[in-house]
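Let me begin by presenting the structure, written as structure tokens, before commenting on it.
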Amino acid sequence: MGSMPDTSAPDLHGKIALVAGATRGAGRGIAVQLGAAGATVYVTGRTTRERRSEYDRPETIEETAELVTAAGGTGIAVPTDHLVPEQVSALAEGIDAEQGRLDVLVNDVWGGEQLFAFDKPVWEHDLDNGLRLLRLGVETHAITSHFVLPLLVRQPGGLVIEMTDGTSAYNGMHYRNSYFYDLVKNCVLRMAFVLAYEMKPHGGTAVALTPGWLRSEMMLDTFGVTENNWRDALATVPHFCISESPSYVGRAVAALAGDADVVRWNGQSLSSGQLAQEYGFTDLDGSRPDCWRYLVEVDNAGKPADATGYR
């Protein structure tokens, strides 16, 4: 499948960004698209070429940094476990020493795919896994904000993007997989709302952002397809027709980072599909998937899978 250039891409040369949790998935897509717009991007995660996390997957933060640089930016990999305050503090100090500032923080730390069970009530869910999920999905974000935000509020214009799954409107009306998963993703939505309040006096902006049905490396592996032939999965998972590549939400982040009036979004819950309509970017194939509208109007409504009019 060909890749269409993003003709709406902003110029982010001179911008310094940190994508926390950039080993794979949305984090990698975001880092690469920030790089494609010219930014210097620090990428963090636990999997390096020397050591894997419990995911035991091949993607590394060094690869992500190299992809950022190849796209036109400057990628800098910093191995970091965001549950360890000392490591996050050292990360912030390193960015300060090397750059003197930070313009964009994308808080995409997650690491929970292997820790939750679908549609299993809290009393049947593995407690240790659930509590670990809360630590990985909530505590990491708090630790990162504590140590990194002083760099962003040093001067007006700082942008924080809290990555989650689902908009506040959708999550407010729908059960999200399990007690622990639902709690984590809604906590992150609230984090963005609170940070917007706390950053506003400093001229900063905070938003929550969700991709749609993401064609991450893990999702593609689950369905036995690649980015090039992902439509082959529609035979068994028809609603996957609305899915999007990680580059799509990456372009959403780049658009926000390049918007001189980004403060208009302060405190809001946003989606990649919504921002594509606003800023004019597309996914790699030239489409504009609008997953969250599709889920309500087609999937949840029990209609046959058909993305016509939704991408």
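Note on naming: chains are A, B, ... as they come in the structure tokens, residues start from 1 per chain, ligands start from 1 in the order shown.
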
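With only C-alpha atoms taken into account, the protein and nucleic acid residues at most 6 Å from Gly35 (chain A) (excluding it and anything under 4 positions from it in its own chain) are Ala39, Val68, Ala71, Gly72 and Gly73 of chain A.
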
Counting only C-alpha atoms, what are the residues of region 143-226 of chain A within 12 Å of region 52-63 of chain A, and for each of them which pair of atoms is the nearest and at what distance in Å, to one decimal? Sort the table by chain and rising number, as a Markdown table.
```
| residue | atom | partner | partner_atom | distance |
| --- | --- | --- | --- | --- |
| A:Ser216 | CA | A:Glu59 | CA | 11.4 |
| A:Glu217 | CA | A:Glu59 | CA | 8.8 |
| A:Met218 | CA | A:Arg57 | CA | 8.9 |
| A:Asp221 | CA | A:Arg57 | CA | 11.0 |
```

### Task
Would you list the contacts of Glu93 (chain A) as a ChimeraX atom specification, taking every protein, DNA or RNA residue within 12 Å and counting only C-alpha atoms, but skipping same-chain residues closer than 3 positions in sequence?
/A:78,86-90,96-102,147-151

Output for the residues just chosen: N, CA, C and O atoms as an mmCIF file, in the first residue's frame:
```
data_model
loop_
_atom_site.group_PDB
_atom_site.id
_atom_site.type_symbol
_atom_site.label_atom_id
_atom_site.label_comp_id
_atom_site.auth_asym_id
_atom_site.auth_seq_id
_atom_site.Cartn_x
_atom_site.Cartn_y
_atom_site.Cartn_z
ATOM 1 N N VAL A 78 16.075 7.599 24.987
ATOM 2 C CA VAL A 78 16.499 7.606 26.390
ATOM 3 C C VAL A 78 15.754 6.476 27.112
ATOM 4 O O VAL A 78 14.558 6.606 27.400
ATOM 5 N N GLU A 86 13.282 8.284 39.930
ATOM 6 C CA GLU A 86 14.669 8.715 39.701
ATOM 7 C C GLU A 86 15.010 8.723 38.215
ATOM 8 O O GLU A 86 15.743 9.604 37.737
ATOM 9 N N GLN A 87 14.480 7.767 37.472
ATOM 10 C CA GLN A 87 14.761 7.717 36.033
ATOM 11 C C GLN A 87 14.057 8.851 35.292
ATOM 12 O O GLN A 87 14.622 9.449 34.368
ATOM 13 N N VAL A 88 12.847 9.168 35.692
ATOM 14 C CA VAL A 88 12.112 10.249 35.029
ATOM 15 C C VAL A 88 12.733 11.598 35.379
ATOM 16 O O VAL A 88 12.841 12.492 34.531
ATOM 17 N N SER A 89 13.163 11.746 36.625
ATOM 18 C CA SER A 89 13.847 12.971 37.026
ATOM 19 C C SER A 89 15.125 13.171 36.211
ATOM 20 O O SER A 89 15.417 14.272 35.725
ATOM 21 N N ALA A 90 15.873 12.081 36.026
ATOM 22 C CA ALA A 90 17.108 12.160 35.234
ATOM 23 C C ALA A 90 16.805 12.486 33.779
ATOM 24 O O ALA A 90 17.554 13.231 33.127
ATOM 25 N N ASP A 96 16.757 19.208 29.920
ATOM 26 C CA ASP A 96 17.056 20.584 30.325
ATOM 27 C C ASP A 96 18.501 20.934 30.016
ATOM 28 O O ASP A 96 18.809 22.001 29.460
ATOM 29 N N ALA A 97 19.419 20.030 30.343
ATOM 30 C CA ALA A 97 20.841 20.298 30.122
ATOM 31 C C ALA A 97 21.173 20.407 28.632
ATOM 32 O O ALA A 97 21.996 21.237 28.227
ATOM 33 N N GLU A 98 20.508 19.579 27.811
ATOM 34 C CA GLU A 98 20.825 19.553 26.388
ATOM 35 C C GLU A 98 20.072 20.605 25.583
ATOM 36 O O GLU A 98 20.588 21.111 24.580
ATOM 37 N N GLN A 99 18.846 20.927 26.000
ATOM 38 C CA GLN A 99 18.002 21.813 25.184
ATOM 39 C C GLN A 99 17.596 23.105 25.894
ATOM 40 O O GLN A 99 17.270 24.081 25.237
ATOM 41 N N GLY A 100 17.565 23.067 27.218
ATOM 42 C CA GLY A 100 17.169 24.263 27.961
ATOM 43 C C GLY A 100 15.677 24.503 28.020
ATOM 44 O O GLY A 100 15.219 25.462 28.641
ATOM 45 N N ARG A 101 14.910 23.625 27.387
ATOM 46 C CA ARG A 101 13.444 23.794 27.376
ATOM 47 C C ARG A 101 12.799 22.551 26.796
ATOM 48 O O ARG A 101 13.478 21.668 26.271
ATOM 49 N N LEU A 102 11.472 22.527 26.873
ATOM 50 C CA LEU A 102 10.679 21.484 26.224
ATOM 51 C C LEU A 102 9.394 22.137 25.749
ATOM 52 O O LEU A 102 8.759 22.888 26.497
ATOM 53 N N PHE A 147 7.762 15.591 37.025
ATOM 54 C CA PHE A 147 9.148 15.939 36.754
ATOM 55 C C PHE A 147 9.355 16.710 35.447
ATOM 56 O O PHE A 147 10.313 17.482 35.331
ATOM 57 N N VAL A 148 8.472 16.517 34.479
ATOM 58 C CA VAL A 148 8.698 17.104 33.154
ATOM 59 C C VAL A 148 8.000 18.447 32.966
ATOM 60 O O VAL A 148 8.524 19.326 32.274
ATOM 61 N N LEU A 149 6.864 18.655 33.603
ATOM 62 C CA LEU A 149 6.119 19.886 33.356
ATOM 63 C C LEU A 149 6.852 21.159 33.749
ATOM 64 O O LEU A 149 6.617 22.205 33.130
ATOM 65 N N PRO A 150 7.749 21.145 34.735
ATOM 66 C CA PRO A 150 8.498 22.386 34.986
ATOM 67 C C PRO A 150 9.237 22.904 33.753
ATOM 68 O O PRO A 150 9.415 24.119 33.608
ATOM 69 N N LEU A 151 9.639 22.018 32.863
ATOM 70 C CA LEU A 151 10.279 22.457 31.623
ATOM 71 C C LEU A 151 9.276 23.134 30.694
ATOM 72 O O LEU A 151 9.606 24.094 30.005
#
```

### Query
Using only C-alpha atoms, which residues sit within 8 Å of Ala22 (chain A) once same-chain residues fewer than 2 positions away are excluded, as a PyMOL selection string?
chain A and resi 19-20+24-28+30-31+43-45+61+64+108-109

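For the atom pair formed by CA of Gly273 (chain A) and CA of Leu220 (chain A), the distance is 20.3 Å, given to one decimal.
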
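Proximity to Ala252 (chain A) was assessed for A:Leu275, A:Val298, A:Ala36, A:Ala235 counting only C-alpha atoms; the smallest distance is recorded for A:Leu275.
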
### Nearest to Val237 (chain A), chosen from A:Ala276, A:Leu195, A:Ala305, A:Val184, with only C-alpha atoms counted in the distances
A:Ala305

### Task
Have a look at A:Thr167, A:Thr47, A:Gln33, A:Ser245 and name the one nearest to Ala70 (chain A); count only C-alpha atoms.
A:Gln33

### Task
Find the spatial neighbours of Arg132 (chain A), counting only C-alpha atoms, within a cut-off of 10 Å - ignore same-chain residues fewer than 3 positions away - and output them as a PyMOL selection string.
chain A and resi 111-112+115-116+127-129+135-139+180
